[in-house]
>>> print(open('data27.txt').read())   # compact mmCIF, N, CA and C atoms
# COMPACT_ATOMS: atom_id res chain seq x y z
N MET A 1 120.05 122.49 89.98
CA MET A 1 118.95 121.55 90.08
C MET A 1 119.49 120.14 89.85
N ARG A 2 118.96 119.19 90.61
CA ARG A 2 119.43 117.81 90.48
C ARG A 2 118.77 117.13 89.30
N SER A 3 119.53 116.29 88.67
CA SER A 3 118.97 115.53 87.56
C SER A 3 118.16 114.36 88.12
N GLY A 4 117.48 113.64 87.27
CA GLY A 4 116.65 112.51 87.69
C GLY A 4 117.48 111.26 87.96
N ASN A 5 118.56 111.39 88.67
CA ASN A 5 119.44 110.26 88.96
C ASN A 5 118.91 109.50 90.16
N PHE A 6 118.42 108.28 89.93
CA PHE A 6 117.83 107.50 91.00
C PHE A 6 118.86 106.71 91.80
N LYS A 7 120.13 106.84 91.48
CA LYS A 7 121.16 106.15 92.25
C LYS A 7 121.34 106.76 93.63
N ASP A 8 120.80 107.96 93.84
CA ASP A 8 120.90 108.63 95.14
C ASP A 8 119.90 108.10 96.15
N ILE A 9 118.95 107.27 95.73
CA ILE A 9 117.94 106.74 96.64
C ILE A 9 118.59 105.65 97.49
N PRO A 10 118.50 105.78 98.82
CA PRO A 10 119.07 104.73 99.69
C PRO A 10 118.38 103.40 99.44
N PRO A 11 119.10 102.30 99.59
CA PRO A 11 118.52 100.97 99.33
C PRO A 11 117.25 100.70 100.14
N GLN A 12 117.20 101.16 101.40
CA GLN A 12 116.02 100.90 102.22
C GLN A 12 114.78 101.62 101.72
N GLU A 13 114.94 102.66 100.91
CA GLU A 13 113.80 103.36 100.35
C GLU A 13 113.36 102.80 99.00
N SER A 14 114.17 101.96 98.40
CA SER A 14 113.83 101.41 97.09
C SER A 14 113.06 100.10 97.21
N ARG A 15 112.86 99.62 98.41
CA ARG A 15 112.03 98.43 98.60
C ARG A 15 110.85 98.81 99.50
N GLU A 16 110.03 97.84 99.82
CA GLU A 16 108.85 98.13 100.62
C GLU A 16 109.26 98.71 101.97
N LYS A 17 108.34 99.45 102.60
CA LYS A 17 108.62 100.06 103.90
C LYS A 17 108.84 98.98 104.96
N TRP A 18 109.87 99.16 105.74
CA TRP A 18 110.16 98.23 106.83
C TRP A 18 110.64 99.03 108.04
N PHE A 19 110.53 98.39 109.19
CA PHE A 19 110.95 98.99 110.45
C PHE A 19 111.76 97.96 111.21
N LYS A 20 112.92 98.35 111.68
CA LYS A 20 113.75 97.43 112.46
C LYS A 20 113.36 97.56 113.92
N SER A 21 112.68 96.55 114.42
CA SER A 21 112.20 96.55 115.80
C SER A 21 113.23 95.91 116.72
N HIS A 22 113.60 96.66 117.74
CA HIS A 22 114.52 96.11 118.73
C HIS A 22 113.77 95.21 119.71
N LEU A 23 112.52 95.54 119.99
CA LEU A 23 111.73 94.71 120.91
C LEU A 23 111.39 93.36 120.32
N LEU A 24 111.17 93.32 119.01
CA LEU A 24 110.85 92.05 118.35
C LEU A 24 112.08 91.39 117.73
N SER A 25 113.20 92.08 117.77
CA SER A 25 114.50 91.56 117.28
C SER A 25 114.47 91.16 115.80
N ARG A 26 113.80 91.99 114.99
CA ARG A 26 113.78 91.70 113.55
C ARG A 26 113.25 92.90 112.78
N GLU A 27 113.42 92.84 111.46
CA GLU A 27 112.84 93.83 110.58
C GLU A 27 111.43 93.40 110.22
N ILE A 28 110.53 94.37 110.15
CA ILE A 28 109.13 94.09 109.87
C ILE A 28 108.70 94.95 108.70
N GLU A 29 107.99 94.36 107.75
CA GLU A 29 107.40 95.11 106.64
C GLU A 29 105.98 95.49 107.01
N LEU A 30 105.50 96.59 106.43
CA LEU A 30 104.15 97.07 106.73
C LEU A 30 103.10 95.97 106.57
N LYS A 31 103.20 95.20 105.50
CA LYS A 31 102.18 94.19 105.23
C LYS A 31 102.12 93.10 106.30
N GLU A 32 103.21 92.93 107.06
CA GLU A 32 103.23 91.92 108.11
C GLU A 32 102.35 92.28 109.30
N LEU A 33 102.04 93.56 109.46
CA LEU A 33 101.26 93.99 110.62
C LEU A 33 99.89 93.31 110.67
N TYR A 34 99.30 93.04 109.52
CA TYR A 34 97.98 92.43 109.47
C TYR A 34 97.97 91.01 110.06
N GLU A 35 99.10 90.33 109.98
CA GLU A 35 99.18 88.94 110.45
C GLU A 35 99.83 88.80 111.83
N MET A 36 100.28 89.89 112.41
CA MET A 36 100.97 89.84 113.70
C MET A 36 100.03 89.45 114.82
N SER A 37 100.59 88.76 115.79
CA SER A 37 99.81 88.47 117.00
C SER A 37 99.55 89.79 117.72
N GLN A 38 98.52 89.81 118.54
CA GLN A 38 98.20 91.04 119.26
C GLN A 38 99.35 91.46 120.18
N GLN A 39 100.02 90.50 120.78
CA GLN A 39 101.14 90.81 121.67
C GLN A 39 102.27 91.50 120.91
N ASP A 40 102.63 90.99 119.74
CA ASP A 40 103.68 91.62 118.93
C ASP A 40 103.24 93.00 118.42
N LEU A 41 101.97 93.11 118.04
CA LEU A 41 101.45 94.40 117.58
C LEU A 41 101.52 95.44 118.71
N ASP A 42 101.19 95.02 119.93
CA ASP A 42 101.27 95.92 121.08
C ASP A 42 102.70 96.38 121.32
N LEU A 43 103.65 95.45 121.23
CA LEU A 43 105.06 95.82 121.42
C LEU A 43 105.52 96.80 120.34
N LEU A 44 105.12 96.54 119.11
CA LEU A 44 105.50 97.43 118.01
C LEU A 44 104.89 98.82 118.20
N MET A 45 103.64 98.88 118.62
CA MET A 45 103.01 100.18 118.86
C MET A 45 103.74 100.93 119.97
N ALA A 46 104.11 100.24 121.03
CA ALA A 46 104.83 100.89 122.13
C ALA A 46 106.18 101.41 121.65
N GLU A 47 106.89 100.60 120.89
CA GLU A 47 108.22 100.99 120.41
C GLU A 47 108.15 102.18 119.46
N THR A 48 107.23 102.14 118.52
CA THR A 48 107.13 103.24 117.56
C THR A 48 106.59 104.51 118.20
N ALA A 49 105.67 104.36 119.15
CA ALA A 49 105.14 105.54 119.86
C ALA A 49 106.25 106.21 120.67
N GLU A 50 107.09 105.42 121.29
CA GLU A 50 108.20 105.98 122.06
C GLU A 50 109.18 106.71 121.15
N LEU A 51 109.47 106.12 120.01
CA LEU A 51 110.37 106.75 119.05
C LEU A 51 109.79 108.07 118.54
N ARG A 52 108.49 108.09 118.26
CA ARG A 52 107.84 109.29 117.75
C ARG A 52 107.67 110.37 118.81
N SER A 53 107.62 109.99 120.09
CA SER A 53 107.39 110.97 121.14
C SER A 53 108.62 111.82 121.43
N ASP A 54 109.80 111.33 121.06
CA ASP A 54 111.04 112.08 121.27
C ASP A 54 111.33 112.87 119.99
N LEU A 55 111.04 114.15 120.00
CA LEU A 55 111.21 114.96 118.79
C LEU A 55 112.68 115.07 118.37
N GLY A 56 113.60 114.80 119.28
CA GLY A 56 115.02 114.77 118.92
C GLY A 56 115.31 113.67 117.91
N ASN A 57 114.50 112.60 117.93
CA ASN A 57 114.67 111.52 116.95
C ASN A 57 114.43 112.03 115.54
N ARG A 58 113.54 112.99 115.41
CA ARG A 58 113.25 113.54 114.08
C ARG A 58 114.49 114.21 113.51
N GLU A 59 115.19 114.95 114.34
CA GLU A 59 116.39 115.64 113.88
C GLU A 59 117.54 114.66 113.63
N ARG A 60 117.63 113.61 114.43
CA ARG A 60 118.73 112.65 114.28
C ARG A 60 118.53 111.73 113.07
N ASN A 61 117.29 111.29 112.85
CA ASN A 61 117.04 110.33 111.77
C ASN A 61 115.61 110.50 111.27
N ILE A 62 115.42 111.43 110.35
CA ILE A 62 114.08 111.74 109.85
C ILE A 62 113.43 110.54 109.18
N GLY A 63 114.20 109.71 108.50
CA GLY A 63 113.65 108.53 107.83
C GLY A 63 113.04 107.56 108.80
N LYS A 64 113.77 107.24 109.86
CA LYS A 64 113.25 106.30 110.85
C LYS A 64 112.07 106.91 111.60
N PHE A 65 112.12 108.20 111.87
CA PHE A 65 111.03 108.89 112.55
C PHE A 65 109.75 108.79 111.72
N CYS A 66 109.84 109.05 110.43
CA CYS A 66 108.67 108.98 109.55
C CYS A 66 108.17 107.55 109.39
N THR A 67 109.08 106.62 109.20
CA THR A 67 108.70 105.22 109.05
C THR A 67 108.00 104.71 110.30
N ALA A 68 108.50 105.10 111.47
CA ALA A 68 107.85 104.72 112.72
C ALA A 68 106.42 105.26 112.76
N GLY A 69 106.21 106.43 112.20
CA GLY A 69 104.87 106.99 112.14
C GLY A 69 103.94 106.17 111.28
N TYR A 70 104.42 105.70 110.12
CA TYR A 70 103.61 104.84 109.25
C TYR A 70 103.20 103.58 110.00
N PHE A 71 104.19 102.95 110.64
CA PHE A 71 103.93 101.70 111.35
C PHE A 71 102.99 101.90 112.53
N LEU A 72 103.19 102.98 113.26
CA LEU A 72 102.33 103.25 114.41
C LEU A 72 100.89 103.47 113.97
N GLU A 73 100.69 104.28 112.95
CA GLU A 73 99.31 104.57 112.52
C GLU A 73 98.62 103.33 111.96
N LEU A 74 99.32 102.53 111.16
CA LEU A 74 98.71 101.32 110.63
C LEU A 74 98.42 100.33 111.75
N ALA A 75 99.34 100.19 112.69
CA ALA A 75 99.12 99.29 113.82
C ALA A 75 97.91 99.73 114.64
N ARG A 76 97.73 101.02 114.82
CA ARG A 76 96.56 101.53 115.55
C ARG A 76 95.27 101.20 114.81
N ILE A 77 95.28 101.34 113.50
CA ILE A 77 94.09 101.02 112.70
C ILE A 77 93.75 99.54 112.83
N ILE A 78 94.76 98.69 112.70
CA ILE A 78 94.55 97.24 112.81
C ILE A 78 94.04 96.89 114.20
N ASP A 79 94.65 97.49 115.23
CA ASP A 79 94.26 97.23 116.61
C ASP A 79 92.80 97.63 116.84
N LYS A 80 92.41 98.79 116.33
CA LYS A 80 91.02 99.25 116.48
C LYS A 80 90.05 98.31 115.78
N ARG A 81 90.40 97.86 114.59
CA ARG A 81 89.52 96.94 113.86
C ARG A 81 89.37 95.62 114.61
N ARG A 82 90.45 95.13 115.17
CA ARG A 82 90.38 93.88 115.92
C ARG A 82 89.49 94.04 117.14
N PHE A 83 89.60 95.17 117.80
CA PHE A 83 88.81 95.43 119.00
C PHE A 83 87.33 95.53 118.67
N GLU A 84 87.01 96.15 117.53
CA GLU A 84 85.62 96.35 117.13
C GLU A 84 84.96 95.08 116.62
N SER A 85 85.77 94.09 116.15
CA SER A 85 85.14 92.88 115.60
C SER A 85 84.75 91.88 116.66
>>> encode(input="data27.txt", output="structure tokens")
Amino acid sequence: MRSGNFKDIPPQESREKWFKSHLLSREIELKELYEMSQQDLDLLMAETAELRSDLGNRERNIGKFCTAGYFLELARIIDKRRFES
């Protein structure tokens, strides 16, 4: 059994959730989605949806696959709220 050694946590998991977007050419934190322009939000949704649709990505990089899911779902929620207002 592993001890409670937190040194095994990768640096990217010890800070807030972020996603490195190739379409936007930068790293994005979850909280930034609320302030994104609709055009950038659309690009992020397309990029994360594409990443999530390839199940091979899950096997290659489970962390990025899961993080893309967080970003995609939050972006969809924000997009829906904007559309409804």
>>> select_by_dssp(input="data27.txt", residues="segment 18-54 of chain A", states="strand (DSSP E)", output="VMD selection string")
chain A and resid 18 to 21 26 to 29
>>> atom_distance(input="data27.txt", atom1="atom CA of Asp42 of chain A", atom2="atom CA of Arg26 of chain A")
15.2 Å
>>> select_by_dssp(input="data27.txt", residues="chain A", states="alpha helix (DSSP H)", output="number ranges by chain")
A: 38-53, 55-60, 62-84
>>> closest_residue(input="data27.txt", among="A:Thr67, A:Ile62, A:Ile78, A:Gly56", to="Glu29 of chain A", atoms="only C-alpha atoms")
A:Thr67
>>> residues_around(input="data27.txt", residues="Ala75 of chain A", least_positions_apart="2", cutoff="8 Å", atoms="only C-alpha atoms", output="MDAnalysis selection string")
chainID A and resid 33 41 44:45 71:73 77:79
>>> atom_distance(input="data27.txt", atom1="atom CA of Leu43 of chain A", atom2="atom CA of Asn57 of chain A")
18.9 Å
>>> atom_distance(input="data27.txt", atom1="atom CA of Tyr70 of chain A", atom2="atom CA of Leu30 of chain A")
8.2 Å
>>> closest_residue(input="data27.txt", among="A:Gln39, A:Leu24, A:Glu16, A:Thr48", to="Leu74 of chain A", atoms="only C-alpha atoms")
A:Thr48
